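Asker: Structure file coords38.tsv (TSV, C-alpha atoms (C1' of nucleotides)) is given on the next line.
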```tsv
chain	number	residue	atom	x	y	z
A	1	MET	CA	148.29	84.11	36.19
A	2	THR	CA	148.35	80.37	35.67
A	3	THR	CA	150.51	78.67	38.24
A	4	PRO	CA	153.15	76.32	36.84
A	5	THR	CA	151.57	73.51	38.85
A	6	ILE	CA	148.13	73.92	37.34
A	7	ASP	CA	149.64	74.33	33.93
A	8	ARG	CA	151.53	71.04	34.24
A	9	GLN	CA	148.39	69.26	35.41
A	10	ILE	CA	146.51	70.55	32.40
A	11	GLU	CA	149.32	69.56	30.06
A	12	ARG	CA	149.19	66.03	31.35
A	13	ARG	CA	145.41	65.80	31.20
A	14	LEU	CA	145.28	67.10	27.63
A	15	ALA	CA	148.10	64.84	26.50
A	16	ASP	CA	146.19	61.86	27.91
A	17	ALA	CA	143.16	62.95	25.92
A	18	ASP	CA	145.18	63.53	22.72
A	19	VAL	CA	144.27	67.18	22.75
A	20	ARG	CA	146.88	69.81	22.01
A	21	TYR	CA	147.59	72.57	24.49
A	22	THR	CA	147.96	75.33	21.92
A	23	ARG	CA	148.66	79.02	22.30
A	24	GLY	CA	144.98	80.00	22.08
A	25	ARG	CA	144.01	77.44	24.70
A	26	ARG	CA	146.79	78.61	27.02
A	27	VAL	CA	145.50	82.15	26.74
A	28	VAL	CA	141.99	81.04	27.67
A	29	ILE	CA	143.19	79.02	30.65
A	30	SER	CA	145.36	81.85	31.82
A	31	ALA	CA	142.49	84.35	31.69
A	32	LEU	CA	140.25	81.98	33.65
A	33	ALA	CA	142.97	81.30	36.20
A	34	GLU	CA	143.25	85.01	36.88
A	35	ALA	CA	139.51	85.51	37.33
A	36	ASP	CA	137.93	85.19	40.76
A	37	GLY	CA	134.87	83.42	39.42
A	38	PRO	CA	133.35	81.85	36.31
A	39	ARG	CA	133.50	83.91	33.11
A	40	SER	CA	131.56	83.85	29.84
A	41	ALA	CA	133.04	83.83	26.35
A	42	ALA	CA	132.19	87.51	25.94
A	43	GLU	CA	133.72	88.42	29.31
A	44	LEU	CA	136.88	86.50	28.48
A	45	SER	CA	137.11	88.05	25.04
A	46	ARG	CA	136.97	91.49	26.60
A	47	VAL	CA	140.01	90.59	28.73
A	48	ILE	CA	141.92	88.65	26.11
A	49	GLY	CA	141.47	91.03	23.21
A	50	GLU	CA	141.57	90.11	19.54
A	51	SER	CA	144.39	87.61	19.76
A	52	VAL	CA	141.77	84.88	20.05
A	53	PRO	CA	138.75	85.29	17.75
A	54	LEU	CA	135.35	84.53	19.22
A	55	SER	CA	134.75	81.42	17.14
A	56	SER	CA	138.04	79.95	18.35
A	57	LEU	CA	137.35	81.02	21.90
A	58	TYR	CA	134.04	79.18	21.90
A	59	ARG	CA	135.66	76.09	20.43
A	60	SER	CA	138.46	76.17	22.98
A	61	LEU	CA	135.98	76.41	25.81
A	62	ALA	CA	134.04	73.44	24.44
A	63	VAL	CA	137.17	71.35	23.93
A	64	LEU	CA	138.53	72.14	27.38
A	65	GLU	CA	135.18	71.34	28.98
A	66	GLU	CA	135.04	68.06	27.09
A	67	ALA	CA	138.51	67.23	28.40
A	68	GLY	CA	137.40	67.90	31.97
A	69	VAL	CA	139.65	70.92	32.42
A	70	LEU	CA	136.83	73.45	32.57
A	71	ALA	CA	133.42	73.28	34.19
A	72	PRO	CA	130.39	75.22	32.97
A	73	HIS	CA	128.33	77.36	35.27
A	74	PHE	CA	124.83	78.69	34.70
A	75	SER	CA	123.47	81.64	36.59
A	76	SER	CA	122.49	84.24	34.03
A	77	PRO	CA	119.92	83.91	31.27
A	78	GLY	CA	121.27	82.88	27.90
A	79	LEU	CA	124.93	82.53	28.61
A	80	THR	CA	127.37	79.98	29.96
A	81	ARG	CA	130.30	80.86	32.18
A	82	TYR	CA	133.31	78.62	32.65
A	83	GLU	CA	135.77	78.03	35.45
A	84	LEU	CA	138.68	75.68	36.08
A	85	ALA	CA	137.37	72.26	37.11
A	86	GLU	CA	137.45	71.55	40.84
A	87	TRP	CA	140.31	69.06	40.61
A	88	LEU	CA	142.41	72.06	39.52
A	89	SER	CA	141.02	74.89	41.60
A	90	GLY	CA	139.76	73.08	44.67
A	91	HIS	CA	136.19	72.60	45.84
A	92	HIS	CA	134.36	75.85	46.36
A	93	HIS	CA	130.98	77.50	46.18
A	94	HIS	CA	129.56	80.62	44.58
A	95	LEU	CA	128.09	83.96	45.44
A	96	VAL	CA	125.73	85.06	42.68
A	97	CYS	CA	124.65	88.67	42.35
A	98	ILE	CA	120.92	88.78	41.61
A	99	CYS	CA	121.31	92.21	40.12
A	100	CYS	CA	124.27	92.11	37.70
A	101	GLY	CA	124.73	88.34	37.50
A	102	ILE	CA	128.40	88.30	38.36
A	103	VAL	CA	129.60	85.21	40.18
A	104	GLN	CA	132.32	85.12	42.80
A	105	ASP	CA	134.03	82.07	44.24
A	106	ILE	CA	133.94	81.42	47.97
A	107	GLU	CA	136.01	79.05	49.98
A	108	VAL	CA	134.13	77.39	52.79
A	109	ALA	CA	136.06	76.56	55.94
A	110	ASP	CA	136.71	72.85	56.39
A	111	GLY	CA	134.38	72.46	59.37
A	112	LEU	CA	131.45	74.03	57.54
A	113	GLU	CA	132.21	72.13	54.37
A	114	GLN	CA	132.15	68.88	56.25
A	115	ARG	CA	128.79	69.66	57.80
A	116	LEU	CA	127.53	70.54	54.34
A	117	GLN	CA	128.77	67.21	52.99
A	118	GLU	CA	126.87	65.40	55.73
A	119	ILE	CA	123.66	67.19	54.86
A	120	VAL	CA	124.05	66.42	51.18
A	121	ALA	CA	124.77	62.77	51.95
A	122	ASP	CA	121.62	62.62	54.08
A	123	ILE	CA	119.54	64.13	51.30
A	124	ALA	CA	121.08	61.98	48.60
A	125	GLY	CA	120.21	58.86	50.59
A	126	GLY	CA	116.50	59.25	49.91
A	127	VAL	CA	116.61	60.09	46.26
A	128	SER	CA	116.64	58.38	42.85
A	129	PHE	CA	119.67	60.25	41.54
A	130	SER	CA	123.16	58.83	41.67
A	131	GLU	CA	124.88	61.65	43.48
A	132	LEU	CA	128.08	63.04	42.09
A	133	ASN	CA	128.50	66.56	43.27
A	134	HIS	CA	126.88	69.42	45.08
A	135	ALA	CA	126.89	73.17	44.68
A	136	LEU	CA	125.77	75.71	47.19
A	137	GLU	CA	124.86	78.99	45.60
A	138	ILE	CA	124.26	82.01	47.75
A	139	GLU	CA	122.34	84.75	46.01
A	140	GLY	CA	122.44	88.36	47.06
A	141	HIS	CA	123.56	91.77	45.97
A	142	CYS	CA	127.23	92.32	45.31
A	143	ALA	CA	129.07	95.35	46.67
A	144	GLY	CA	128.62	97.22	43.40
A	145	CYS	CA	124.84	96.65	43.21
A	146	ALA	CA	123.96	97.04	46.90
B	1	MET	CA	96.69	71.08	38.57
B	2	THR	CA	96.74	74.49	40.22
B	3	THR	CA	95.30	74.36	43.70
B	4	PRO	CA	92.53	76.88	44.41
B	5	THR	CA	94.68	78.28	47.22
B	6	ILE	CA	97.67	79.02	45.03
B	7	ASP	CA	95.40	80.39	42.35
B	8	ARG	CA	93.83	82.83	44.77
B	9	GLN	CA	97.23	83.96	46.02
B	10	ILE	CA	98.32	84.63	42.46
B	11	GLU	CA	95.09	86.48	41.69
B	12	ARG	CA	95.69	88.79	44.60
B	13	ARG	CA	99.36	89.36	43.79
B	14	LEU	CA	98.62	90.17	40.15
B	15	ALA	CA	95.73	92.45	41.06
B	16	ASP	CA	98.06	94.36	43.38
B	17	ALA	CA	100.51	94.74	40.50
B	18	ASP	CA	97.77	95.78	38.04
B	19	VAL	CA	98.48	92.78	35.87
B	20	ARG	CA	95.61	90.75	34.46
B	21	TYR	CA	95.36	87.05	35.16
B	22	THR	CA	94.31	86.08	31.66
B	23	ARG	CA	93.53	82.71	30.14
B	24	GLY	CA	97.00	82.28	28.64
B	25	ARG	CA	98.66	83.13	31.93
B	26	ARG	CA	96.44	80.69	33.79
B	27	VAL	CA	97.42	77.96	31.38
B	28	VAL	CA	101.12	78.68	31.98
B	29	ILE	CA	100.71	78.68	35.76
B	30	SER	CA	98.70	75.51	35.65
B	31	ALA	CA	101.34	73.71	33.58
B	32	LEU	CA	104.09	74.83	35.96
B	33	ALA	CA	102.06	73.81	39.01
B	34	GLU	CA	101.72	70.31	37.60
B	35	ALA	CA	105.43	69.94	36.88
B	36	ASP	CA	107.75	68.50	39.50
B	37	GLY	CA	110.53	70.96	38.71
B	38	PRO	CA	111.41	74.06	36.68
B	39	ARG	CA	110.42	74.04	33.02
B	40	SER	CA	111.58	76.00	29.98
B	41	ALA	CA	109.36	77.77	27.46
B	42	ALA	CA	109.90	74.96	24.96
B	43	GLU	CA	109.13	72.27	27.53
B	44	LEU	CA	105.97	74.07	28.58
B	45	SER	CA	104.90	74.59	25.00
B	46	ARG	CA	105.19	70.86	24.39
B	47	VAL	CA	102.78	70.23	27.26
B	48	ILE	CA	100.41	73.11	26.60
B	49	GLY	CA	100.09	72.70	22.84
B	50	GLU	CA	99.22	75.40	20.36
B	51	SER	CA	96.65	77.16	22.50
B	52	VAL	CA	99.42	79.53	23.63
B	53	PRO	CA	101.83	80.64	20.89
B	54	LEU	CA	105.50	80.79	21.81
B	55	SER	CA	105.77	84.55	21.64
B	56	SER	CA	102.92	84.89	24.11
B	57	LEU	CA	104.33	82.15	26.28
B	58	TYR	CA	107.65	83.96	26.55
B	59	ARG	CA	105.90	87.20	27.36
B	60	SER	CA	103.73	85.56	30.00
B	61	LEU	CA	106.78	84.05	31.65
B	62	ALA	CA	108.50	87.45	31.71
B	63	VAL	CA	105.44	89.21	33.11
B	64	LEU	CA	104.87	86.60	35.78
B	65	GLU	CA	108.52	86.68	36.79
B	66	GLU	CA	108.39	90.47	36.98
B	67	ALA	CA	105.37	90.18	39.25
B	68	GLY	CA	107.23	87.80	41.55
B	69	VAL	CA	104.98	84.83	40.78
B	70	LEU	CA	107.62	82.84	38.94
B	71	ALA	CA	111.32	82.39	39.60
B	72	PRO	CA	113.90	81.64	36.90
B	73	HIS	CA	116.30	78.76	37.18
B	74	PHE	CA	119.50	78.19	35.22
B	75	SER	CA	121.04	74.79	34.84
B	76	SER	CA	121.29	74.08	31.13
B	77	PRO	CA	123.19	76.04	28.52
B	78	GLY	CA	121.19	78.67	26.68
B	79	LEU	CA	117.81	78.30	28.24
B	80	THR	CA	115.89	79.51	31.25
B	81	ARG	CA	113.49	77.33	33.20
B	82	TYR	CA	110.80	78.74	35.46
B	83	GLU	CA	109.07	77.53	38.58
B	84	LEU	CA	106.52	78.94	41.00
B	85	ALA	CA	108.19	81.37	43.40
B	86	GLU	CA	109.01	79.96	46.82
B	87	TRP	CA	106.29	81.96	48.62
B	88	LEU	CA	103.84	79.86	46.55
B	89	SER	CA	105.52	76.48	46.43
B	90	GLY	CA	107.56	76.46	49.64
B	91	HIS	CA	111.30	76.46	50.07
B	92	HIS	CA	112.99	73.58	48.31
B	93	HIS	CA	116.17	72.55	46.52
B	94	HIS	CA	116.99	70.89	43.22
B	95	LEU	CA	118.41	67.73	41.77
B	96	VAL	CA	120.03	68.49	38.43
B	97	CYS	CA	120.78	65.74	35.94
B	98	ILE	CA	124.23	66.32	34.48
B	99	CYS	CA	123.32	64.25	31.47
B	100	CYS	CA	119.92	65.44	30.21
B	101	GLY	CA	119.65	68.64	32.23
B	102	ILE	CA	116.26	67.93	33.75
B	103	VAL	CA	115.69	69.43	37.18
B	104	GLN	CA	113.64	67.90	39.95
B	105	ASP	CA	112.48	69.55	43.15
B	106	ILE	CA	113.44	68.08	46.49
B	107	GLU	CA	112.02	68.84	49.88
B	108	VAL	CA	114.57	68.83	52.63
B	109	ALA	CA	113.44	67.69	56.06
B	110	ASP	CA	113.14	70.51	58.60
B	111	GLY	CA	116.08	69.37	60.68
B	112	LEU	CA	118.45	69.26	57.72
B	113	GLU	CA	117.13	72.51	56.34
B	114	GLN	CA	117.81	74.21	59.63
B	115	ARG	CA	121.40	72.94	59.70
B	116	LEU	CA	121.78	74.17	56.15
B	117	GLN	CA	120.51	77.62	57.12
B	118	GLU	CA	123.09	77.75	59.91
B	119	ILE	CA	125.89	76.95	57.53
B	120	VAL	CA	124.75	79.57	55.05
B	121	ALA	CA	124.46	82.15	57.79
B	122	ASP	CA	128.00	81.32	58.91
B	123	ILE	CA	129.33	81.70	55.39
B	124	ALA	CA	127.38	84.87	54.71
B	125	GLY	CA	128.86	86.44	57.82
B	126	GLY	CA	132.31	86.74	56.27
B	127	VAL	CA	131.35	88.01	52.88
B	128	SER	CA	130.69	91.28	51.08
B	129	PHE	CA	127.33	90.24	49.65
B	130	SER	CA	124.06	91.14	51.29
B	131	GLU	CA	122.58	87.70	51.58
B	132	LEU	CA	119.07	87.11	50.40
B	133	ASN	CA	118.67	83.49	49.52
B	134	HIS	CA	120.44	80.21	49.10
B	135	ALA	CA	120.08	77.28	46.76
B	136	LEU	CA	121.56	73.86	47.17
B	137	GLU	CA	121.90	72.05	43.88
B	138	ILE	CA	122.76	68.40	43.85
B	139	GLU	CA	124.08	67.20	40.54
B	140	GLY	CA	123.98	63.61	39.43
B	141	HIS	CA	122.45	61.26	36.92
B	142	CYS	CA	118.69	60.90	36.89
B	143	ALA	CA	117.01	57.50	36.72
B	144	GLY	CA	116.63	57.76	32.94
B	145	CYS	CA	120.28	58.60	32.29
B	146	ALA	CA	121.94	56.30	34.85
C	1	DG	C1'	74.37	95.27	25.88
C	2	DC	C1'	77.29	99.30	24.13
C	3	DT	C1'	81.30	102.60	24.34
C	4	DC	C1'	85.74	103.87	25.57
C	5	DC	C1'	90.14	102.98	27.14
C	6	DT	C1'	93.90	100.17	28.34
C	7	DT	C1'	96.20	95.79	28.43
C	8	DT	C1'	97.17	91.69	26.12
C	9	DT	C1'	97.72	88.90	22.23
C	10	DG	C1'	100.00	86.81	18.19
C	11	DA	C1'	102.37	86.83	13.75
C	12	DT	C1'	106.62	88.40	12.33
C	13	DA	C1'	111.11	90.54	12.36
C	14	DT	C1'	115.19	91.06	15.08
C	15	DT	C1'	118.79	90.34	18.39
C	16	DG	C1'	122.44	87.87	20.65
C	17	DA	C1'	124.89	83.83	22.17
C	18	DT	C1'	126.60	79.83	20.35
C	19	DT	C1'	127.62	76.31	16.84
C	20	DC	C1'	128.80	74.82	12.22
C	21	DT	C1'	131.39	74.84	7.75
C	22	DC	C1'	135.27	74.60	5.25
C	23	DG	C1'	139.46	76.15	3.29
C	24	DT	C1'	143.93	77.37	5.52
C	25	DT	C1'	147.51	76.94	9.12
C	26	DA	C1'	150.28	74.99	12.60
C	27	DG	C1'	152.04	70.82	15.64
C	28	DA	C1'	154.02	66.41	16.50
C	29	DG	C1'	156.40	62.61	14.90
C	30	DT	C1'	159.56	60.71	11.52
D	1	DA	C1'	162.17	69.14	5.98
D	2	DC	C1'	157.82	66.04	5.08
D	3	DT	C1'	153.47	64.25	6.23
D	4	DC	C1'	149.46	63.69	8.49
D	5	DT	C1'	146.13	65.22	11.47
D	6	DA	C1'	144.32	68.53	14.79
D	7	DA	C1'	143.37	73.27	15.30
D	8	DC	C1'	142.32	77.83	13.50
D	9	DG	C1'	139.49	81.63	11.76
D	10	DA	C1'	136.10	84.11	8.99
D	11	DG	C1'	131.63	83.84	7.84
D	12	DA	C1'	127.10	81.49	7.57
D	13	DA	C1'	123.66	79.15	10.16
D	14	DT	C1'	120.98	77.99	14.40
D	15	DC	C1'	118.24	78.66	18.32
D	16	DA	C1'	116.41	80.86	22.50
D	17	DA	C1'	114.59	85.02	23.56
D	18	DT	C1'	112.96	89.89	22.76
D	19	DA	C1'	110.87	93.73	20.21
D	20	DT	C1'	107.26	95.48	17.04
D	21	DC	C1'	102.73	96.68	16.00
D	22	DA	C1'	98.13	96.06	14.38
D	23	DA	C1'	94.16	93.41	16.02
D	24	DA	C1'	91.49	91.33	19.94
D	25	DA	C1'	89.97	91.09	24.69
D	26	DG	C1'	88.94	92.75	29.65
D	27	DG	C1'	86.91	95.98	32.60
D	28	DA	C1'	84.44	100.28	34.08
D	29	DG	C1'	80.71	103.14	33.44
D	30	DC	C1'	76.37	103.93	31.29
```
Translate the structure of the given file into structure tokens.

Answerer:
Amino acid sequence: MTTPTIDRQIERRLADADVRYTRGRRVVISALAEADGPRSAAELSRVIGESVPLSSLYRSLAVLEEAGVLAPHFSSPGLTRYELAEWLSGHHHHLVCICCGIVQDIEVADGLEQRLQEIVADIAGGVSFSELNHALEIEGHCAGCA
Amino acid sequence: MTTPTIDRQIERRLADADVRYTRGRRVVISALAEADGPRSAAELSRVIGESVPLSSLYRSLAVLEEAGVLAPHFSSPGLTRYELAEWLSGHHHHLVCICCGIVQDIEVADGLEQRLQEIVADIAGGVSFSELNHALEIEGHCAGCA
DNA sequence: GCTCCTTTTGATATTGATTCTCGTTAGAGT
DNA sequence: ACTCTAACGAGAATCAATATCAAAAGGAGC
């Protein structure tokens, strides 16, 4: 369930953006907060039920992404999954199942994460992009598909 | 353009899979070999022109992926980009433009790549996935969008 | 080159995720 | 409670991708 802390942070962020934190949007956030990885509109709808119609669900996801509360994630053909933005959930990486497409969050221990940051900084030094972020995706077969 | 070496490797792989290396498929491979990153069906079609209709282009991409010659890449909502599989193009990572979605390949120097491998191996050790592959995506703004 | 057989092609219809439209409803401030 | 604007929700529209199926092309044997 959504922690009170996260909920208050979202309330503040949405208020700053003049976006209302309505019932439907709270339901979406709550479902994503309970998930252990990014979820698509269809996956969320399955969990949430009919209390939020698909068209509203899609609009809520778009609005919350626009406000910086959600981040999109792409790993399966033709659909977008969403997760809480990193300033809410903490920096993490993903395990992606090649077989069924499900995505699971992983925390990386501080020491490893720091070494990763160094590598990314080294790479970013020689490149024409202005670096903002990095994502390490590890692909494999999940327990269910093994 | 497609190098003769890569072309011969693909010929052999497709022959082994009983899949013909037809004109349309050669055009697709050639366009992807010239690109400096993954490309979608629409992007390829723009380059290739009308000599390969979209329906055939999509089918070629699916067949070539099935045969292990192409690998899909997801970084923009609602579309799949393809690139030559790593056994053809070499292991590499990606720069993803947050703004326009374009993806550019990057080579990572051997030393850095080795450190990256170590980190991934460390992470994979404590996880319920059978690890097969890793991908480091660096997100930022490309030169055109900066 | 010709025949037969199988794979591939290409125009079109279809699916599925997502977005748009627009009249109705609900929130926030007064 | 009143007003004004943002949000909702049902359905239509869009767009990438897939399925269909008759016609064309590749390859093997003669």

Asker: With a cut-off of 10 Å, could you pull out the residues of chain A touching chain D and give me the nearest pair of atoms for each, distance in Å to one decimal, using only C-alpha atoms (C1' of nucleotides), ordered by chain and ascending number, as a tab-separated table?

Answerer:
```
residue	atom	partner	partner_atom	distance
A:Asp18	CA	D:DA6	C1'	9.4
A:Val19	CA	D:DA6	C1'	8.1
A:Arg20	CA	D:DA6	C1'	7.8
A:Thr22	CA	D:DA7	C1'	8.3
A:Gly24	CA	D:DC8	C1'	9.2
A:Val52	CA	D:DG9	C1'	9.2
A:Pro53	CA	D:DG9	C1'	7.1
A:Leu54	CA	D:DG9	C1'	9.0
A:Ser55	CA	D:DG9	C1'	7.2
A:Ser56	CA	D:DC8	C1'	6.8
A:Arg59	CA	D:DA7	C1'	9.7
A:Ser60	CA	D:DA7	C1'	9.6
A:Pro77	CA	D:DA17	C1'	9.4
A:Gly78	CA	D:DA16	C1'	7.5
```

Asker: Which residues of chain B come within 6 Å of chain A, and what is each one's closest atom pair and distance in Å (one decimal), counting all atoms listed in the file, sorted by chain and residue number, as JSON lines?

Answerer:
```
{"residue": "B:Phe74", "atom": "CA", "partner": "A:Phe74", "partner_atom": "CA", "distance": 5.4}
{"residue": "B:Ser75", "atom": "CA", "partner": "A:Phe74", "partner_atom": "CA", "distance": 5.4}
{"residue": "B:Pro77", "atom": "CA", "partner": "A:Thr80", "partner_atom": "CA", "distance": 5.9}
{"residue": "B:Gly78", "atom": "CA", "partner": "A:Gly78", "partner_atom": "CA", "distance": 4.4}
{"residue": "B:Leu79", "atom": "CA", "partner": "A:Gly78", "partner_atom": "CA", "distance": 5.8}
{"residue": "B:Thr80", "atom": "CA", "partner": "A:Pro77", "partner_atom": "CA", "distance": 6.0}
{"residue": "B:Phe129", "atom": "CA", "partner": "A:Cys142", "partner_atom": "CA", "distance": 4.8}
{"residue": "B:Ser130", "atom": "CA", "partner": "A:Gly140", "partner_atom": "CA", "distance": 5.3}
{"residue": "B:Glu131", "atom": "CA", "partner": "A:Gly140", "partner_atom": "CA", "distance": 4.6}
{"residue": "B:Leu132", "atom": "CA", "partner": "A:Gly140", "partner_atom": "CA", "distance": 4.9}
{"residue": "B:Asn133", "atom": "CA", "partner": "A:Glu139", "partner_atom": "CA", "distance": 5.2}
{"residue": "B:His134", "atom": "CA", "partner": "A:Ile138", "partner_atom": "CA", "distance": 4.4}
{"residue": "B:Ala135", "atom": "CA", "partner": "A:Glu137", "partner_atom": "CA", "distance": 5.2}
{"residue": "B:Leu136", "atom": "CA", "partner": "A:Leu136", "partner_atom": "CA", "distance": 4.6}
{"residue": "B:Glu137", "atom": "CA", "partner": "A:Ala135", "partner_atom": "CA", "distance": 5.2}
{"residue": "B:Ile138", "atom": "CA", "partner": "A:His134", "partner_atom": "CA", "distance": 4.4}
{"residue": "B:Glu139", "atom": "CA", "partner": "A:Asn133", "partner_atom": "CA", "distance": 5.2}
{"residue": "B:Gly140", "atom": "CA", "partner": "A:Glu131", "partner_atom": "CA", "distance": 4.6}
{"residue": "B:His141", "atom": "CA", "partner": "A:Ser130", "partner_atom": "CA", "distance": 5.4}
{"residue": "B:Cys142", "atom": "CA", "partner": "A:Phe129", "partner_atom": "CA", "distance": 4.8}
```

Asker: When you get a sec, could you note down which chain C residues fall within 9 Å of chain A, using all atoms listed in the file, as a list in words?

Answerer: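 Residues passing the distance filter: DG16, DA17, DT18, DT19 and DG27 of chain C.
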
Asker: Rounded to one decimal in Å, what is the spacing between atom CA of Ala67 of chain A and atom CA of Arg8 of chain A?

Answerer: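 We find that atom CA of Ala67 of chain A and atom CA of Arg8 of chain A lie 14.8 Å from each other.
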
Asker: Need to verify the contact set: Arg13 of chain B, 12 Å, only C-alpha atoms (C1' of nucleotides), exclusion of same-chain residues closer than 5 positions in sequence. Can you return it as a list in words?

Answerer: Ile6, Asp7, Arg8, Asp18, Val19, Arg20, Tyr21, Leu64, Glu65, Glu66, Ala67, Gly68, Val69, Leu70, Ala85, Trp87 and Leu88 of chain B

Asker: By how many Å are atom CA of Gln9 of chain B and atom CA of Glu83 of chain B apart?

Answerer: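 According to the coordinates, atom CA of Gln9 of chain B and atom CA of Glu83 of chain B are separated by 15.4 Å.
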
Asker: Can you measure atom C1' of DA26 of chain C to atom CA of Glu43 of chain A for me? One decimal in Å is fine.

Answerer: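 Interatomic distance, atom C1' of DA26 of chain C to atom CA of Glu43 of chain A: 27.1 Å.
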
Asker: Excluding Ala31 of chain B and its own-chain neighbours fewer than 2 positions away, which residues fall within 8 Å of it when counting only C-alpha atoms (C1' of nucleotides)? Please give them as a ChimeraX atom specification.

Answerer: /B:1,27-29,33-35,44,47-48

Asker: Starting from the structure just given, write a file holding segment 76-129 of chain B with C-alpha atoms, as a compact mmCIF listing (two decimals), in the first residue's frame.

Answerer:
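Okay, decode.txt is ready:
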```txt
# COMPACT_ATOMS: atom_id res chain seq x y z
CA SER B 76 9.86 4.49 -27.16
CA PRO B 77 6.18 4.01 -26.45
CA GLY B 78 4.34 1.75 -28.85
CA LEU B 79 7.07 0.78 -31.23
CA THR B 80 9.82 -1.77 -31.56
CA ARG B 81 13.21 -0.99 -33.02
CA TYR B 82 15.56 -3.66 -34.35
CA GLU B 83 19.30 -3.99 -34.63
CA LEU B 84 21.72 -6.68 -35.75
CA ALA B 85 22.13 -9.29 -33.03
CA GLU B 86 25.25 -8.95 -30.91
CA TRP B 87 26.98 -12.00 -32.42
CA LEU B 88 27.00 -9.98 -35.67
CA SER B 89 27.62 -6.45 -34.47
CA GLY B 90 29.55 -7.01 -31.24
CA HIS B 91 28.50 -6.28 -27.69
CA HIS B 92 27.55 -2.67 -27.15
CA HIS B 93 25.28 -0.39 -25.16
CA HIS B 94 22.86 2.41 -25.98
CA LEU B 95 22.37 6.11 -25.57
CA VAL B 96 18.67 6.90 -25.52
CA CYS B 97 17.40 10.42 -26.13
CA ILE B 98 14.65 11.18 -23.63
CA CYS B 99 13.30 13.85 -25.91
CA CYS B 100 13.05 12.38 -29.42
CA GLY B 101 13.56 8.72 -28.55
CA ILE B 102 16.39 8.07 -30.98
CA VAL B 103 18.88 5.43 -29.88
CA GLN B 104 22.57 5.44 -30.63
CA ASP B 105 25.03 2.60 -30.16
CA ILE B 106 28.06 3.07 -27.95
CA GLU B 107 31.12 0.93 -27.69
CA VAL B 108 32.47 0.62 -24.20
CA ALA B 109 36.22 0.27 -23.81
CA ASP B 110 37.34 -3.22 -22.76
CA GLY B 111 38.42 -2.18 -19.30
CA LEU B 112 35.11 -0.54 -18.48
CA GLU B 113 33.15 -3.36 -20.03
CA GLN B 114 34.97 -5.84 -17.86
CA ARG B 115 34.20 -3.86 -14.70
CA LEU B 116 30.59 -3.73 -15.81
CA GLN B 117 30.51 -7.50 -16.28
CA GLU B 118 31.82 -7.94 -12.74
CA ILE B 119 29.10 -5.76 -11.32
CA VAL B 120 26.40 -7.60 -13.23
CA ALA B 121 27.78 -10.94 -12.11
CA ASP B 122 27.73 -9.71 -8.50
CA ILE B 123 24.13 -8.59 -8.82
CA ALA B 124 23.02 -11.72 -10.63
CA GLY B 125 24.45 -13.84 -7.84
CA GLY B 126 21.74 -12.79 -5.40
CA VAL B 127 18.75 -13.06 -7.64
CA SER B 128 16.19 -15.61 -8.78
CA PHE B 129 16.67 -14.97 -12.49
```
